[in-house]
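Have a look at input35.cif; it's mmCIF, C-alpha atoms and all ligand atoms:
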```
data_query
#
loop_
_atom_site.label_atom_id
_atom_site.label_comp_id
_atom_site.auth_asym_id
_atom_site.auth_seq_id
_atom_site.Cartn_x
_atom_site.Cartn_y
_atom_site.Cartn_z
CA MET A 15 105.62 143.62 30.65
CA ALA A 16 108.59 143.59 32.95
CA ARG A 17 112.04 143.56 31.43
CA LEU A 18 114.83 141.17 32.18
CA VAL A 19 117.87 141.44 29.98
CA LEU A 20 120.61 138.86 30.45
CA SER A 21 124.01 138.65 28.87
CA PRO A 22 125.13 135.50 27.02
CA ARG A 23 127.43 134.67 29.90
CA GLU A 24 124.74 134.94 32.56
CA LEU A 25 122.37 132.89 30.41
CA ARG A 26 124.92 130.18 29.68
CA GLU A 27 125.76 129.79 33.33
CA TYR A 28 122.15 129.75 34.41
CA ILE A 29 121.31 127.11 31.81
CA ARG A 30 124.33 124.99 32.72
CA GLU A 31 123.50 125.16 36.39
CA HIS A 32 119.88 124.12 35.90
CA THR A 33 119.97 121.66 33.02
CA GLY A 34 123.56 120.47 32.99
CA ARG A 35 123.51 121.26 29.25
CA GLU A 36 126.05 123.27 27.33
CA VAL A 37 124.61 125.57 24.67
CA THR A 38 128.05 126.13 23.15
CA ALA A 39 128.03 122.49 22.02
CA CYS A 40 125.41 123.42 19.39
CA MET A 41 126.61 122.89 15.83
CA HIS A 42 123.71 124.84 14.30
CA CYS A 43 122.36 121.90 12.37
CA GLY A 44 118.78 123.16 12.67
CA THR A 45 117.34 119.76 13.56
CA CYS A 46 115.51 121.13 16.58
CA SER A 47 113.70 123.74 14.50
CA ALA A 48 112.87 121.22 11.79
CA VAL A 49 111.15 118.80 14.18
CA CYS A 50 109.33 121.36 16.32
CA PRO A 51 105.54 121.09 15.90
CA VAL A 52 104.89 124.71 16.89
CA VAL A 53 107.82 126.42 15.19
CA ASN A 54 105.46 128.55 13.07
CA PHE A 55 104.19 130.22 16.22
CA MET A 56 107.59 131.25 17.53
CA ASP A 57 109.27 134.61 17.17
CA MET A 58 112.62 132.85 17.29
CA HIS A 59 112.85 129.17 16.38
CA PRO A 60 114.67 126.80 18.75
CA ALA A 61 117.99 126.72 16.87
CA ALA A 62 117.98 130.51 16.57
CA LEU A 63 117.32 130.81 20.28
CA VAL A 64 120.23 128.52 21.14
CA ARG A 65 122.42 130.61 18.87
CA ALA A 66 121.18 133.85 20.37
CA VAL A 67 121.86 132.57 23.88
CA GLN A 68 125.48 132.08 22.85
CA ARG A 69 125.97 135.39 21.17
CA SER A 70 123.75 138.19 22.31
CA ALA A 71 121.91 139.55 25.29
CA ILE A 72 118.31 138.37 25.49
CA ASP A 73 115.35 140.34 26.74
CA LEU A 74 113.17 137.71 28.36
CA GLY A 75 110.30 140.16 28.62
CA ASN A 76 110.03 140.22 24.83
CA LEU A 77 110.60 136.59 23.98
CA LYS A 78 107.56 134.74 22.62
CA VAL A 79 109.18 131.37 21.92
CA ILE A 80 109.21 130.48 25.62
CA TRP A 81 105.43 130.76 25.74
CA ALA A 82 104.78 128.91 22.47
CA CYS A 83 106.88 125.81 23.26
CA ILE A 84 104.68 122.98 24.50
CA SER A 85 107.56 120.93 25.94
CA CYS A 86 106.90 117.99 23.65
CA MET A 87 110.57 116.99 24.02
CA THR A 88 110.97 116.05 20.36
CA CYS A 89 113.91 118.41 19.90
CA VAL A 90 115.44 117.15 23.15
CA ASP A 91 115.44 113.60 21.79
CA LYS A 92 116.67 114.64 18.34
CA CYS A 93 119.50 117.08 19.09
CA PRO A 94 122.74 115.37 18.01
CA ARG A 95 124.81 117.44 20.49
CA ASP A 96 122.64 116.92 23.54
CA VAL A 97 121.95 120.65 23.87
CA ALA A 98 118.28 119.88 24.58
CA PRO A 99 116.74 123.11 23.27
CA GLY A 100 113.38 122.25 24.85
CA LEU A 101 115.03 122.22 28.28
CA VAL A 102 116.84 125.48 27.52
CA ILE A 103 113.49 127.03 26.64
CA GLU A 104 111.90 125.57 29.75
CA THR A 105 114.68 127.04 31.88
CA LEU A 106 114.25 130.49 30.35
CA ARG A 107 110.49 130.31 30.81
CA GLN A 108 110.84 129.51 34.49
CA LEU A 109 113.42 132.28 34.87
CA ALA A 110 110.98 134.72 33.25
CA LEU A 111 108.13 133.66 35.53
CA ARG A 112 110.32 133.99 38.60
CA ASN A 113 111.01 137.55 37.58
CA GLY A 114 107.37 138.46 37.24
CA ILE A 115 107.19 138.19 33.47
CA GLU A 116 103.89 136.54 32.73
CA PRO A 117 102.00 136.99 29.46
CA ARG A 118 98.72 135.65 30.78
CA THR A 119 97.40 134.80 34.19
CA TYR A 120 95.26 131.85 35.17
CA SER A 121 92.17 134.02 35.61
CA GLN A 122 92.37 135.00 31.94
CA MET A 123 91.99 131.41 30.77
CA PRO A 124 88.81 130.44 28.92
CA ILE A 125 87.81 127.79 31.44
CA ASP A 126 84.38 126.31 32.08
CA GLU A 127 83.01 123.13 33.64
CA THR A 128 83.74 121.15 30.46
CA THR A 129 87.48 121.94 30.59
CA PRO A 130 89.26 118.71 31.56
CA SER A 131 91.33 118.75 34.76
CA ILE A 132 94.39 117.72 32.81
CA LEU A 133 94.35 121.09 31.04
CA LEU A 134 94.06 122.97 34.31
CA VAL A 135 96.99 121.02 35.73
CA LEU A 136 99.12 121.55 32.62
CA TYR A 137 98.40 125.23 32.42
CA SER A 138 99.02 125.72 36.13
CA ARG A 139 102.36 124.02 35.74
CA LYS A 140 103.33 126.06 32.71
CA GLY A 141 102.01 129.24 34.23
CA THR A 142 103.64 129.04 37.65
CA GLY A 143 107.17 128.00 36.87
CA MET B 29 95.13 85.92 38.85
CA GLN B 30 97.63 88.65 38.15
CA VAL B 31 97.04 91.82 40.12
CA LEU B 32 97.51 95.22 38.51
CA LEU B 33 97.64 98.30 40.69
CA TYR B 34 95.66 101.07 39.08
CA TYR B 35 96.47 104.78 39.30
CA PRO B 36 93.53 106.77 37.88
CA GLY B 37 94.66 110.41 38.09
CA CYS B 38 92.42 113.45 38.29
CA SER B 39 91.32 113.78 34.70
CA ILE B 40 90.24 110.18 34.16
CA LYS B 41 88.13 110.31 37.32
CA ARG B 42 86.57 113.69 36.67
CA ASP B 43 86.41 114.06 32.90
CA PHE B 44 86.78 110.68 31.22
CA PRO B 45 84.88 108.14 33.32
CA GLU B 46 83.81 106.41 30.08
CA VAL B 47 87.48 105.71 29.28
CA GLU B 48 87.95 104.23 32.73
CA LYS B 49 84.92 102.01 32.35
CA ALA B 50 85.97 100.64 28.97
CA SER B 51 89.63 100.16 29.98
CA LEU B 52 88.84 98.36 33.22
CA ALA B 53 86.37 96.10 31.41
CA VAL B 54 89.07 95.18 28.89
CA LEU B 55 91.64 94.44 31.61
CA ALA B 56 89.12 92.30 33.51
CA ALA B 57 88.28 90.38 30.33
CA LEU B 58 92.00 89.70 29.90
CA GLY B 59 92.00 88.09 33.33
CA TYR B 60 93.56 90.83 35.46
CA LYS B 61 92.48 91.73 38.93
CA VAL B 62 92.70 95.53 38.86
CA VAL B 63 93.05 97.19 42.26
CA GLU B 64 92.75 100.96 42.47
CA LEU B 65 95.35 102.56 44.76
CA ARG B 66 93.70 103.17 48.10
CA ASP B 67 95.34 106.57 48.30
CA TRP B 68 96.54 108.70 45.45
CA TYR B 69 97.15 112.33 44.54
CA CYS B 70 97.37 114.23 41.28
CA CYS B 71 100.66 113.14 39.69
CA GLY B 72 101.68 116.77 39.41
CA GLY B 73 101.42 116.21 35.73
CA PHE B 74 103.46 118.11 33.26
CA PRO B 75 106.33 115.82 32.39
CA GLY B 76 107.88 118.38 30.04
CA THR B 77 108.44 120.78 32.90
CA LEU B 78 110.18 118.23 35.13
CA ALA B 79 113.49 119.23 33.60
CA TRP B 80 115.40 120.34 36.64
CA ASP B 81 112.97 121.18 39.33
CA HIS B 82 112.92 118.59 42.10
CA ILE B 83 109.74 120.03 43.64
CA LYS B 84 107.81 118.77 40.63
CA TYR B 85 108.66 115.17 41.50
CA VAL B 86 107.30 115.28 45.04
CA SER B 87 103.74 114.37 44.19
CA ALA B 88 104.65 111.53 41.83
CA LEU B 89 107.23 110.03 44.20
CA ARG B 90 104.78 110.22 47.07
CA THR B 91 102.31 108.23 44.99
CA LEU B 92 104.98 105.68 44.05
CA SER B 93 105.98 105.23 47.71
CA MET B 94 102.40 104.51 48.68
CA ALA B 95 101.88 102.29 45.66
CA TYR B 96 104.97 100.26 46.49
CA GLN B 97 103.67 99.49 49.98
CA GLN B 98 100.32 98.40 48.62
CA ALA B 99 101.96 96.40 45.83
CA ARG B 100 103.91 94.39 48.41
CA GLU B 101 100.73 93.56 50.31
CA LEU B 102 99.02 92.41 47.11
CA GLY B 103 101.92 90.71 45.41
CA ALA B 104 101.68 93.14 42.50
CA SER B 105 104.60 94.53 40.56
CA THR B 106 102.98 96.77 37.94
CA ILE B 107 101.14 100.04 38.33
CA VAL B 108 98.98 100.86 35.32
CA THR B 109 97.67 104.25 34.15
CA LEU B 110 95.17 105.21 31.47
CA CYS B 111 96.25 108.85 31.12
CA ALA B 112 99.30 109.54 28.95
CA PHE B 113 100.44 112.41 31.17
CA CYS B 114 100.15 110.40 34.38
CA TYR B 115 102.08 107.62 32.70
CA ASN B 116 104.88 109.92 31.60
CA THR B 117 105.15 111.72 34.93
CA LEU B 118 105.12 108.57 37.07
CA LYS B 119 107.51 106.82 34.71
CA GLN B 120 110.03 109.67 34.85
CA ALA B 121 109.68 109.77 38.65
CA SER B 122 110.21 106.01 38.84
CA GLN B 123 113.52 106.43 37.00
CA LEU B 124 114.81 109.35 39.06
CA HIS B 125 116.87 107.23 41.46
CA GLU B 126 118.68 105.66 38.50
CA GLY B 127 119.38 108.96 36.76
CA SER B 128 119.54 112.23 38.62
CA LEU B 129 120.73 110.95 41.96
CA GLU B 130 121.21 114.35 43.52
CA MET B 131 117.67 115.40 42.68
CA TYR B 132 116.33 112.07 43.87
CA LYS B 133 118.06 112.49 47.23
CA ARG B 134 116.58 115.92 47.75
CA VAL B 135 113.05 114.71 47.10
CA ALA B 136 113.57 111.52 49.12
CA ASP B 137 114.89 113.54 52.07
CA TYR B 138 111.86 115.77 51.90
CA LEU B 139 109.49 112.78 51.87
CA ARG B 140 111.36 110.75 54.50
CA ASP B 141 109.08 111.82 57.35
CA GLU B 142 106.05 110.60 55.46
CA PHE B 143 107.16 107.40 53.75
CA GLU B 144 109.92 105.02 53.12
CA PRO B 145 111.31 106.66 49.96
CA TYR B 146 110.60 104.86 46.72
CA ARG B 147 113.71 103.10 45.43
CA GLY B 148 112.44 101.11 42.51
CA GLY B 149 110.61 97.80 42.46
CA LEU B 150 107.51 98.88 40.57
CA ARG B 151 106.95 98.92 36.86
CA VAL B 152 104.93 101.91 35.63
CA ALA B 153 102.95 100.89 32.55
CA HIS B 154 100.40 102.52 30.31
CA PHE B 155 97.25 100.61 29.38
CA ILE B 156 98.41 100.15 25.78
CA GLU B 157 101.60 98.39 26.90
CA ILE B 158 99.52 95.81 28.76
CA LEU B 159 97.28 95.38 25.71
CA TYR B 160 100.28 94.90 23.49
CA GLU B 161 101.82 92.28 25.76
CA ARG B 162 98.57 90.36 25.63
CA VAL B 163 97.86 91.02 21.98
CA LYS B 164 97.29 87.31 21.20
CA GLU B 165 94.57 87.05 23.83
CA VAL B 166 93.07 90.32 22.61
CA ALA B 167 92.88 88.80 19.13
CA LYS B 168 91.27 85.64 20.49
CA LEU B 169 88.61 87.59 22.39
CA ALA B 170 87.94 89.99 19.50
CA GLU B 171 87.34 87.11 17.05
CA GLY B 172 88.09 89.36 14.09
CA ARG B 173 85.01 91.38 14.87
CA LEU B 174 86.24 94.58 13.15
CA LYS B 175 87.10 92.91 9.89
CA LYS B 176 87.57 95.26 6.92
CA ILE B 177 87.42 98.42 9.00
CA LYS B 178 90.18 100.94 8.40
CA VAL B 179 91.48 102.48 11.61
CA ALA B 180 93.99 105.33 12.06
CA ALA B 181 96.19 105.18 15.15
CA TYR B 182 96.99 108.63 16.48
CA TYR B 183 99.73 108.40 19.10
CA GLY B 184 100.27 112.02 20.07
CA CYS B 185 103.61 112.76 21.70
CA VAL B 186 103.34 112.19 25.45
CA LEU B 187 103.62 108.38 25.29
CA LEU B 188 106.69 108.66 23.06
CA ARG B 189 108.80 111.55 24.40
CA PRO B 190 111.28 111.84 25.92
CA LYS B 191 112.60 108.54 24.56
CA ALA B 192 113.68 107.32 28.02
CA VAL B 193 110.00 106.76 28.84
CA ALA B 194 108.67 105.94 25.35
CA VAL B 195 106.26 102.99 25.16
CA ASP B 196 107.67 102.13 21.72
CA ASN B 197 110.17 103.39 19.15
CA PRO B 198 109.24 107.11 19.13
CA ASP B 199 110.23 107.55 15.48
CA ASN B 200 108.18 104.67 14.16
CA PRO B 201 105.84 103.25 16.80
CA ARG B 202 103.89 100.12 15.89
CA ILE B 203 102.11 98.95 18.99
CA ILE B 204 98.72 100.58 18.39
CA GLU B 205 98.75 99.30 14.81
CA GLU B 206 99.44 95.79 16.15
CA ILE B 207 96.53 96.13 18.56
CA ILE B 208 94.27 97.31 15.71
CA LYS B 209 95.30 94.24 13.69
CA ALA B 210 94.47 92.03 16.65
CA LEU B 211 90.92 93.37 16.49
CA GLY B 212 90.68 92.15 12.91
CA ALA B 213 90.78 95.73 11.59
CA GLU B 214 93.19 97.29 9.16
CA PRO B 215 95.57 100.00 10.43
CA VAL B 216 96.24 102.77 7.93
CA THR B 217 99.50 104.68 7.68
CA TYR B 218 99.71 108.45 7.48
CA PRO B 219 102.51 110.91 8.20
CA TYR B 220 101.18 112.85 11.16
CA ARG B 221 100.43 110.06 13.61
CA THR B 222 102.96 111.22 16.22
CA TYR B 223 102.69 114.96 15.58
CA CYS B 224 101.79 116.88 18.71
CA CYS B 225 98.21 118.20 18.76
CA GLY B 226 99.23 121.41 20.55
CA SER B 227 98.47 120.24 24.07
CA PHE B 228 97.56 122.83 26.71
CA GLN B 229 97.81 125.68 24.21
CA ILE B 230 94.10 125.11 23.63
CA LEU B 231 93.74 127.34 26.70
CA ALA B 232 96.54 129.82 26.08
CA GLU B 233 96.96 130.02 22.27
CA PRO B 234 94.12 128.04 20.69
CA SER B 235 95.31 128.94 17.18
CA ILE B 236 98.25 126.56 17.74
CA VAL B 237 95.98 123.62 18.49
CA LYS B 238 93.59 124.53 15.70
CA ARG B 239 96.37 124.57 13.13
CA ASN B 240 98.04 121.37 14.38
CA VAL B 241 94.75 119.48 14.53
CA GLU B 242 93.92 120.63 10.99
CA LYS B 243 97.23 119.21 9.77
CA ILE B 244 96.64 115.93 11.58
CA ALA B 245 93.05 115.70 10.36
CA ALA B 246 94.03 116.37 6.74
CA SER B 247 96.70 113.71 6.99
CA ILE B 248 94.17 111.20 8.38
CA ALA B 249 91.58 112.14 5.76
CA GLY B 250 94.07 111.20 3.05
CA SER B 251 94.60 107.76 4.59
CA GLY B 252 91.10 106.43 4.01
CA ALA B 253 90.52 105.71 7.71
CA GLU B 254 86.93 105.30 8.88
CA ILE B 255 87.70 105.92 12.51
CA VAL B 256 90.60 107.22 14.61
CA VAL B 257 91.79 105.90 17.96
CA THR B 258 94.14 107.57 20.41
CA PRO B 259 95.52 106.48 23.79
CA CYS B 260 95.74 110.11 25.09
CA GLN B 261 92.63 111.85 26.40
CA LEU B 262 93.98 115.34 25.83
CA CYS B 263 94.50 114.45 22.16
CA LEU B 264 90.96 113.11 22.18
CA TYR B 265 89.65 116.39 23.57
CA ASN B 266 91.66 118.60 21.20
CA LEU B 267 90.91 116.56 18.08
CA ARG B 268 87.23 116.54 18.89
CA LYS B 269 87.26 120.28 19.43
CA TYR B 270 88.84 121.21 16.11
CA SER B 271 87.98 118.44 13.67
CA ASN B 272 85.05 116.35 12.48
CA LEU B 273 86.97 113.12 12.78
CA LYS B 274 85.18 110.15 14.22
CA ILE B 275 87.54 109.53 17.10
CA LEU B 276 87.49 107.20 20.10
CA ASP B 277 89.77 106.43 22.97
CA LEU B 278 91.67 103.27 21.99
CA SER B 279 90.17 101.43 24.97
CA GLU B 280 86.65 102.01 23.64
CA LEU B 281 87.30 100.43 20.26
CA VAL B 282 89.03 97.50 21.95
CA ALA B 283 86.11 97.06 24.36
CA TYR B 284 83.69 97.11 21.44
CA ALA B 285 85.69 94.55 19.50
CA MET B 286 85.93 92.34 22.58
CA ASN B 287 82.15 92.35 22.87
CA LEU B 288 82.08 94.40 26.07
CA GLN B 289 79.26 96.68 24.92
CA GLU B 290 77.90 97.12 28.42
CA SER B 291 81.06 99.07 29.26
CA LEU B 292 80.50 101.61 26.49
CA SER B 293 78.62 104.90 26.45
CA PRO B 294 75.66 105.47 24.09
CA GLU B 295 77.78 107.95 22.08
CA VAL B 296 80.45 105.35 21.44
CA LEU B 297 77.87 102.75 20.52
CA ARG B 298 76.32 105.21 18.08
CA ALA B 299 79.74 105.92 16.56
CA VAL B 300 80.55 102.24 16.03
CA ARG B 301 77.07 101.16 14.93
CA THR B 302 77.94 101.96 11.31
CA PHE B 303 80.38 99.05 11.49
CA GLU B 304 77.71 96.50 12.28
CA SER B 305 76.62 96.16 8.67
CA LYS B 306 80.20 95.61 7.49
CA THR B 307 81.16 92.88 9.92
S1 LIG A 401 110.12 120.93 23.22
FE1 LIG A 401 109.35 122.96 22.54
S2 LIG A 401 110.93 123.71 21.14
FE2 LIG A 401 111.28 121.52 21.37
S3 LIG A 401 110.20 120.57 19.65
FE3 LIG A 401 108.80 120.58 21.42
S4 LIG A 401 107.60 122.49 21.24
FE4 LIG A 401 109.40 122.68 19.88
S1 LIG A 402 119.48 120.23 17.18
FE1 LIG A 402 121.02 120.69 18.78
S2 LIG A 402 122.95 121.00 17.64
FE2 LIG A 402 121.25 121.14 16.12
S3 LIG A 402 120.77 123.36 16.04
FE3 LIG A 402 119.39 122.46 17.57
S4 LIG A 402 120.49 122.75 19.51
FE4 LIG A 402 122.00 123.03 17.89
#
```
Represent the structure from my file as C-alpha cells, please.
Ligand code: SF4
Ligand code: SF4
Amino acid sequence: MARLVLSPRELREYIREHTGREVTACMHCGTCSAVCPVVNFMDMHPAALVRAVQRSAIDLGNLKVIWACISCMTCVDKCPRDVAPGLVIETLRQLALRNGIEPRTYSQMPIDETTPSILLVLYSRKGTG
Amino acid sequence: MQVLLYYPGCSIKRDFPEVEKASLAVLAALGYKVVELRDWYCCGGFPGTLAWDHIKYVSALRTLSMAYQQARELGASTIVTLCAFCYNTLKQASQLHEGSLEMYKRVADYLRDEFEPYRGGLRVAHFIEILYERVKEVAKLAEGRLKKIKVAAYYGCVLLRPKAVAVDNPDNPRIIEEIIKALGAEPVTYPYRTYCCGSFQILAEPSIVKRNVEKIAASIAGSGAEIVVTPCQLCLYNLRKYSNLKILDLSELVAYAMNLQESLSPEVLRAVRTFESKT
C-alpha cells in the first residue's frame, strides 16, 4: 500500500481546515472510545487516534481505524470537547483515498443481485472519498 | 386531506417494495394523500460522510429544490421518507442553510442554473415520526389487535445520530415503544436497542456486522421478545443475515395490526400468523 506520513502539525491544520475542529481541545476522557460500536476492530481506538494526531507523525497507509469506522456519529455527539473524533477519522480517510491509499476496491466486494442498493451507495461513498 | 410528499429513494424502490407497500397503506389508512415526487434522484446517501464535503450535498439539495416546487403546487409542507439513510441525508441537507452557510452557498451557486436554490420551507420527516404524531389514531385503528405480544424495538443508529437530525432523544428514544403500545402490544426493554449493526461493513468487513448483530440478538433474546421491529431497512437486512430473529420492518407490523393484510407479503403473513391464536 502507498505510504503517506504526516506530521502532527500538518494533520492538525488539515483537520482544522476541513472540519473546523481542534484536536488539541481533547482532554483524553476516553468517552469516544467507550461509545464506539466497532472499537474492537480498530488498531487504534478513537481517543488514541486523537492523541496520536496531536503528538506523533501518522502513516496513513498503515492505519486501520479509518477503514473500520462506520461513521455512526455516536462519538461526535458524545465528545464533551467538540473534537468530533468521527469527523477527524472521516477526514483522514478521505485524505488517504485522495492519495491513492485504498485497502479494497469496489470490484473486490462480494456483491450479487440480492445486495440492496443502499449498501452499494454506502460503500461507493466510503470507498471514493 | 393532508398531502404528504413522498421521497422513495433507490433502495426502497429496488429492494424493499414490500416496505413501501405496507407503509403507504398505513399512511392512506391514517387519511393522508401521499404523492410521490414526480422527479427524484438517489439522495447521495451516506450522511456520516457529509462532514465537510459540499459535493455530497448536491444530490440531496437538488431533490429538495424540486420537492419544494411540487410542495407549493400541492399545498404540502412535509416530505416523508421510509429509508433511514434517505431521511438522515435529506434532513442534514435541509438544515445546511441554517448551519454551514459557506458550504450552502457553494452548493446553491452550483445548482443555480438548474433550480431556485432550496432555502427552507419543507419539513423532512421519517415515516415513524408521522406514525408517532398520529399515535392515537393508530391505536384506534389497531383496536388492540396485538394484545399480549412482546415486541422489541430496534432503532439502529441512523435515525438518532447525529443528534441535530435525531427523530427522538438519541440516548433514550421512546417513539417506537409508544407506537408498539398503540398496537396493543407490549414493548420490551433491552440494552442494545440503539447499538449500530455494523452498517455497510457487511460488504467490506463482515466480521464486524456478524459480531455486532450477535450482541444485539443476544440482548434481544434475553428480553423475552417474540418479534423485533426496526425502522431501518439496512438493519433489517443485516439482522436477517446474521441472526435467527423474527424481524419485520416496523411498517409491516403496524399494517398487520391495522388490519391492512392485503398490503403484506406472504412471508410477513406467515411470520405473524403465530399471533393469531394469542389475540
Ligand atoms: S463515528 Fe466511527 S469512531 Fe465514532 S463511534 Fe462511530 S464508528 Fe466509532
Ligand atoms: S470524547 Fe472528545 S475529549 Fe474525550 S477522548 Fe474523545 S476526543 Fe478527547
Would you list the contacts of region 207-223 of chain B as a PyMOL selection string, taking every protein, DNA or RNA residue within 6 Å and counting only C-alpha atoms, but skipping same-chain residues closer than 4 positions in sequence? chain B and resi 167+170+172+174-180+182-185+244+251
Please list as number ranges by chain every residue within 9 Å of region 47-56 of chain A, counting all atoms listed in the file and excluding residues in the same chain fewer than 6 positions away. A: 62, 77-84, 86-89, 92; B: 223-226, 236, 240
Tell me the residues of chain A close to chain B, meaning within 7 Å using all atoms listed in the file, as a short mmCIF file (atom, residue, chain, number, x, y, z; two decimals) with C-alpha atoms, in the frame of the given file.
```cif
data_model
loop_
_atom_site.label_atom_id
_atom_site.label_comp_id
_atom_site.auth_asym_id
_atom_site.auth_seq_id
_atom_site.Cartn_x
_atom_site.Cartn_y
_atom_site.Cartn_z
CA HIS A 32 119.88 124.12 35.90
CA THR A 33 119.97 121.66 33.02
CA PRO A 51 105.54 121.09 15.90
CA VAL A 52 104.89 124.71 16.89
CA ILE A 84 104.68 122.98 24.50
CA SER A 85 107.56 120.93 25.94
CA CYS A 86 106.90 117.99 23.65
CA MET A 87 110.57 116.99 24.02
CA THR A 88 110.97 116.05 20.36
CA ASP A 91 115.44 113.60 21.79
CA LEU A 101 115.03 122.22 28.28
CA GLU A 104 111.90 125.57 29.75
CA MET A 123 91.99 131.41 30.77
CA PRO A 124 88.81 130.44 28.92
CA PRO A 130 89.26 118.71 31.56
CA SER A 131 91.33 118.75 34.76
CA ILE A 132 94.39 117.72 32.81
CA LEU A 133 94.35 121.09 31.04
CA VAL A 135 96.99 121.02 35.73
CA LEU A 136 99.12 121.55 32.62
CA TYR A 137 98.40 125.23 32.42
CA ARG A 139 102.36 124.02 35.74
#
```
Residues contacting ligand LIG 402 (chain A) - anything with an atom at most 8 Å away, using all atoms listed in the file - can you give me those as a VMD selection string? chain A and resid 37 39 to 47 60 to 62 64 to 65 89 to 90 92 to 99
By how many Å are CA of Tyr160 (chain B) and CA of Ile204 (chain B) apart? 7.8 Å
Give me, please, the distance in Å between CA of His59 (chain A) and CA of Gly34 (chain A), quoted to one decimal.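 Computing it gives 21.6 Å between the two atoms.
Nearest to ligand LIG 401 (chain A) of all the residues A:Leu106, A:Thr128, A:Gly114, A:Thr142 is A:Leu106, counting all atoms listed in the file.
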Between CA of Glu242 (chain B) and CA of Asp196 (chain B), what distance in Å does the model show, to one decimal?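 Going from CA of Glu242 (chain B) over to CA of Asp196 (chain B) covers 25.4 Å.
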Given 4 Å of margin on each side, can you work out the centre and size in Å (one decimal) of an axis-aligned box holding every listed atom of ligand LIG 401 (chain A), as lines of an AutoDock Vina configuration file?
```
center_x = 109.4
center_y = 122.1
center_z = 21.4
size_x = 11.7
size_y = 11.1
size_z = 11.6
```
From the options B:Ala194, B:Ile158, B:Ser105, B:Thr91, which residue's atoms come nearest to Glu144 (chain B), counting all atoms listed in the file?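 With all atoms listed in the file as the atom set, the closest residue is B:Thr91.
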Within 10 Å of Arg134 (chain B), counting all atoms listed in the file, which residues qualify if same-chain residues fewer than 6 places away don't, as a tab-separated table (two decimals) with C-alpha atoms, keeping the file's coordinate frame?
```
chain	number	residue	atom	x	y	z
B	82	HIS	CA	112.92	118.59	42.10
B	83	ILE	CA	109.74	120.03	43.64
B	86	VAL	CA	107.30	115.28	45.04
B	140	ARG	CA	111.36	110.75	54.50
```
One residue among A:Val67, A:Ile29, A:Ile103, A:Leu20 is nearest to ligand LIG 401 (chain A) when using only C-alpha atoms and all ligand atoms, and that residue is A:Ile103
